[in-house]
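Enquirer: What follows is a structure written as structure tokens; I'll ask about it next.
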Amino acid sequence: MHCLDRAHETGFKSKAFVRALEVARSLPPDELAQRADAGTLTDLEGIGDSSAKVIRQALTGGDVAYLADLEASTQVAITAAGAVYRDALLSDLHLHSRWSDGGATIEAMARTAVALGHQYMVLTDHSPRLTIAHGLSAERLEQQLADVATLNQQMAPFRILTGIEVDILEDGTLDHGDDVLSQLDVVVASVHSKLRMAEKEMTERMVQAVANPNVDILGHCTGRLIGKRDPSTFDADYVFAACAQFHTAVEINCRPERLDPPRPLLQIAIEYGCYFAINSDAHATGQLEWQPHGCNRAADVGVPLDRVLNSWPLEQLLAWVSAN
Ligand SMILES: [Zn+2]
Ligand SMILES: [Zn+2]
């Protein structure tokens with residue numbers, strides 16, 4: 001599952017695969033074998049060509065080969081220059097769990113982060129406005145903080161920082177009040193609605209959010225989905241100048257369908273002296289391995305490595321977010 005998450009951009013295919021496995025498991029074993037022989041697995045609802053292939057390989061004892069293949073073929077490619085950034089990363093500052101729309105528990109995400117060599121991570125589930133993503137109300141967030149405290153005792157010295165991906169509302173205010181946001185270690189603020197707003201309004205909206213003292217990182221700033229949704233339009237000079245002035249880092253979002261900001265915007269952010277965060281925005285454990293996408297881009301445009309927040313030791317990051 002981990003590899004499938006890593007391999008697929010939307011998570012759809014891995015969900016489809018899980019469903020196919022459920023269908024396969026519900027069949028009597030001889031019917032499964034017969035269908036595999038006869039090539040009629042795909043007649044079953046929920047089993048497509050690739051799932052059928054996996055089932056056939058599993059039945060003939062080829063499962064190990066399949067997994068080895070998958071491991072090799074789903075590795076995210078990294079350039080030599082990108083590897084310098086990836087090697088420097090000590091954490092991931094934007095990721096989701098089952099508490100909102102992620103597919104894995106906080107613990108599973110944390111254990112994967114440890115396995116990837118991270119020293120800490122920030123848990124950033126969605127805020128309540130994003131109802132389709134089961135955004136966290138203040139009450140649920142409080143429960144989550146208690147869970148995180150328990151996990152931190154179990155997983156020390158690894159540290160799960162508390163956080164949220166808070167929606168930037170249409171008027172530039174945030175989807176939680178300062179009373180809630182000020183309790184959290186790190187706040188990522190992102191636009192998820194009205195992405196087609198006129199440039200002037202979008203600029204004001206973003207600048208207001210970026211200027212909020214509780215906001216530490218501006219998430220996927222243009223909201224683009226490559227090939228599906230154009231980037232939103234805003235005055236990059238104003239927005240990145242505000243990011244620099246108010247010490248709000250610009251996220252380099254590593255999701256393959258986002259890769260946000262686009263390179264020209266990233267260059268403008270560098271010119272304004274912004275800070276950056278190279279974040280996976282993972283919604284499943286395998287997606288935590290997407291940071292190379294952002295590292296490659298950071299290297300391409302020459303993001304100063306010492307300005308990348310998640311290359312800093314935990315104490316340095318905590319001092320920066322609390323001072324700014
Ligand atoms: Zn988001
Ligand atoms: Zn997110």
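Chains: A, B, ... in order of the structure tokens. Residues: from 1 per chain. Ligands: from 1, in order shown.
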As a ChimeraX atom specification, list the residues of stretch 73-254 of chain A assigned to alpha helix (DSSP H) by DSSP on the backbone atoms of this structure.

Expert: /A:73,80-88,106-115,138-155,178-181,199-211,236-245

Enquirer: For A:Glu271, list every protein, DNA or RNA residue within 12 Å, evaluated using only C-alpha atoms, and leave out those in the same chain fewer than 2 positions away; present the list as a ChimeraX atom specification.

Expert: /A:236-237,240-241,243-244,264-269,273-275,301-304

Enquirer: With a cut-off of 10 Å, could you pull out the residues of chain A touching ligand 1 and give me the nearest pair of atoms for each, distance in Å to one decimal, using only C-alpha atoms and all ligand atoms, ordered by chain and ascending number, as a tab-separated table?

Expert:
```
residue	atom	partner	partner_atom_place_in_ligand_line	distance
A:His94	CA	ligand 1	1 (Zn)	9.0
A:Leu95	CA	ligand 1	1 (Zn)	9.5
A:His96	CA	ligand 1	1 (Zn)	9.7
A:Thr124	CA	ligand 1	1 (Zn)	9.6
A:Asp125	CA	ligand 1	1 (Zn)	9.2
A:His126	CA	ligand 1	1 (Zn)	7.7
A:Leu130	CA	ligand 1	1 (Zn)	9.7
A:Glu165	CA	ligand 1	1 (Zn)	6.8
A:Val166	CA	ligand 1	1 (Zn)	8.5
A:Asp167	CA	ligand 1	1 (Zn)	8.1
A:Val188	CA	ligand 1	1 (Zn)	8.9
A:Ala189	CA	ligand 1	1 (Zn)	8.2
A:Ser190	CA	ligand 1	1 (Zn)	5.7
A:Val191	CA	ligand 1	1 (Zn)	7.1
A:His192	CA	ligand 1	1 (Zn)	6.4
A:Leu218	CA	ligand 1	1 (Zn)	9.9
A:Gly219	CA	ligand 1	1 (Zn)	6.5
A:His220	CA	ligand 1	1 (Zn)	6.6
A:Cys221	CA	ligand 1	1 (Zn)	9.3
A:Gly223	CA	ligand 1	1 (Zn)	8.0
A:Asn253	CA	ligand 1	1 (Zn)	9.3
A:Arg258	CA	ligand 1	1 (Zn)	9.9
A:Asp281	CA	ligand 1	1 (Zn)	7.4
```

Enquirer: With N, CA and C atoms retained, export the selected residues as a PDB file, in the first residue's frame.

Expert:
```
ATOM      1  N   HIS A  94       3.835  19.745   6.493  1.00  0.00           N
ATOM      2  CA  HIS A  94       2.442  19.784   6.009  1.00  0.00           C
ATOM      3  C   HIS A  94       2.038  18.369   5.618  1.00  0.00           C
ATOM      4  N   LEU A  95       1.190  17.751   6.436  1.00  0.00           N
ATOM      5  CA  LEU A  95       0.726  16.397   6.144  1.00  0.00           C
ATOM      6  C   LEU A  95      -0.570  16.133   6.907  1.00  0.00           C
ATOM      7  N   HIS A  96      -1.336  15.194   6.390  1.00  0.00           N
ATOM      8  CA  HIS A  96      -2.682  14.944   6.907  1.00  0.00           C
ATOM      9  C   HIS A  96      -2.805  13.527   7.455  1.00  0.00           C
ATOM     10  N   THR A 124      -0.855  18.605  10.092  1.00  0.00           N
ATOM     11  CA  THR A 124      -1.675  19.747   9.653  1.00  0.00           C
ATOM     12  C   THR A 124      -2.957  19.260   8.986  1.00  0.00           C
ATOM     13  N   ASP A 125      -3.884  18.781   9.783  1.00  0.00           N
ATOM     14  CA  ASP A 125      -5.174  18.400   9.200  1.00  0.00           C
ATOM     15  C   ASP A 125      -5.971  19.664   8.856  1.00  0.00           C
ATOM     16  N   HIS A 126      -7.068  19.458   8.129  1.00  0.00           N
ATOM     17  CA  HIS A 126      -7.839  20.607   7.632  1.00  0.00           C
ATOM     18  C   HIS A 126      -8.682  21.275   8.715  1.00  0.00           C
ATOM     19  N   LEU A 130     -13.602  23.126   5.405  1.00  0.00           N
ATOM     20  CA  LEU A 130     -13.451  22.098   4.380  1.00  0.00           C
ATOM     21  C   LEU A 130     -14.224  20.849   4.824  1.00  0.00           C
ATOM     22  N   GLU A 165      -3.828  22.946   8.770  1.00  0.00           N
ATOM     23  CA  GLU A 165      -3.883  23.649   7.484  1.00  0.00           C
ATOM     24  C   GLU A 165      -5.192  24.418   7.519  1.00  0.00           C
ATOM     25  N   VAL A 166      -5.089  25.681   7.864  1.00  0.00           N
ATOM     26  CA  VAL A 166      -6.295  26.475   8.067  1.00  0.00           C
ATOM     27  C   VAL A 166      -6.703  27.144   6.753  1.00  0.00           C
ATOM     28  N   ASP A 167      -7.996  27.118   6.472  1.00  0.00           N
ATOM     29  CA  ASP A 167      -8.497  27.746   5.254  1.00  0.00           C
ATOM     30  C   ASP A 167      -8.404  29.265   5.343  1.00  0.00           C
ATOM     31  N   VAL A 188      -0.213  26.327   8.855  1.00  0.00           N
ATOM     32  CA  VAL A 188      -0.154  26.481   7.402  1.00  0.00           C
ATOM     33  C   VAL A 188      -1.493  27.078   6.984  1.00  0.00           C
ATOM     34  N   ALA A 189      -1.481  28.145   6.199  1.00  0.00           N
ATOM     35  CA  ALA A 189      -2.734  28.738   5.731  1.00  0.00           C
ATOM     36  C   ALA A 189      -2.818  28.580   4.219  1.00  0.00           C
ATOM     37  N   SER A 190      -3.975  28.101   3.744  1.00  0.00           N
ATOM     38  CA  SER A 190      -4.121  27.836   2.302  1.00  0.00           C
ATOM     39  C   SER A 190      -5.479  28.289   1.806  1.00  0.00           C
ATOM     40  N   VAL A 191      -5.507  28.671   0.533  1.00  0.00           N
ATOM     41  CA  VAL A 191      -6.761  28.981  -0.147  1.00  0.00           C
ATOM     42  C   VAL A 191      -7.296  27.697  -0.778  1.00  0.00           C
ATOM     43  N   HIS A 192      -8.537  27.351  -0.444  1.00  0.00           N
ATOM     44  CA  HIS A 192      -9.165  26.163  -1.047  1.00  0.00           C
ATOM     45  C   HIS A 192     -10.486  26.504  -1.729  1.00  0.00           C
ATOM     46  N   LEU A 218       2.573  29.795   4.045  1.00  0.00           N
ATOM     47  CA  LEU A 218       1.519  29.942   3.034  1.00  0.00           C
ATOM     48  C   LEU A 218       1.524  28.679   2.175  1.00  0.00           C
ATOM     49  N   GLY A 219       0.445  27.892   2.273  1.00  0.00           N
ATOM     50  CA  GLY A 219       0.372  26.604   1.556  1.00  0.00           C
ATOM     51  C   GLY A 219       0.049  26.786   0.082  1.00  0.00           C
ATOM     52  N   HIS A 220       0.527  25.856  -0.757  1.00  0.00           N
ATOM     53  CA  HIS A 220       0.264  25.812  -2.226  1.00  0.00           C
ATOM     54  C   HIS A 220      -0.402  27.082  -2.763  1.00  0.00           C
ATOM     55  N   CYS A 221       0.426  28.135  -2.953  1.00  0.00           N
ATOM     56  CA  CYS A 221      -0.104  29.501  -3.106  1.00  0.00           C
ATOM     57  C   CYS A 221      -0.993  29.731  -4.312  1.00  0.00           C
ATOM     58  N   GLY A 223      -2.846  27.311  -5.914  1.00  0.00           N
ATOM     59  CA  GLY A 223      -3.966  26.371  -5.954  1.00  0.00           C
ATOM     60  C   GLY A 223      -4.089  25.594  -7.256  1.00  0.00           C
ATOM     61  N   ASN A 253       5.151  23.089  -2.496  1.00  0.00           N
ATOM     62  CA  ASN A 253       4.286  21.921  -2.334  1.00  0.00           C
ATOM     63  C   ASN A 253       4.728  20.822  -3.297  1.00  0.00           C
ATOM     64  N   ARG A 258       0.314  19.224  -7.990  1.00  0.00           N
ATOM     65  CA  ARG A 258       0.367  20.644  -7.620  1.00  0.00           C
ATOM     66  C   ARG A 258       1.684  21.295  -8.052  1.00  0.00           C
ATOM     67  N   ASP A 281       2.693  17.547   1.791  1.00  0.00           N
ATOM     68  CA  ASP A 281       1.214  17.614   1.813  1.00  0.00           C
ATOM     69  C   ASP A 281       0.650  16.195   1.676  1.00  0.00           C
TER      70      ASP A 281
END
```
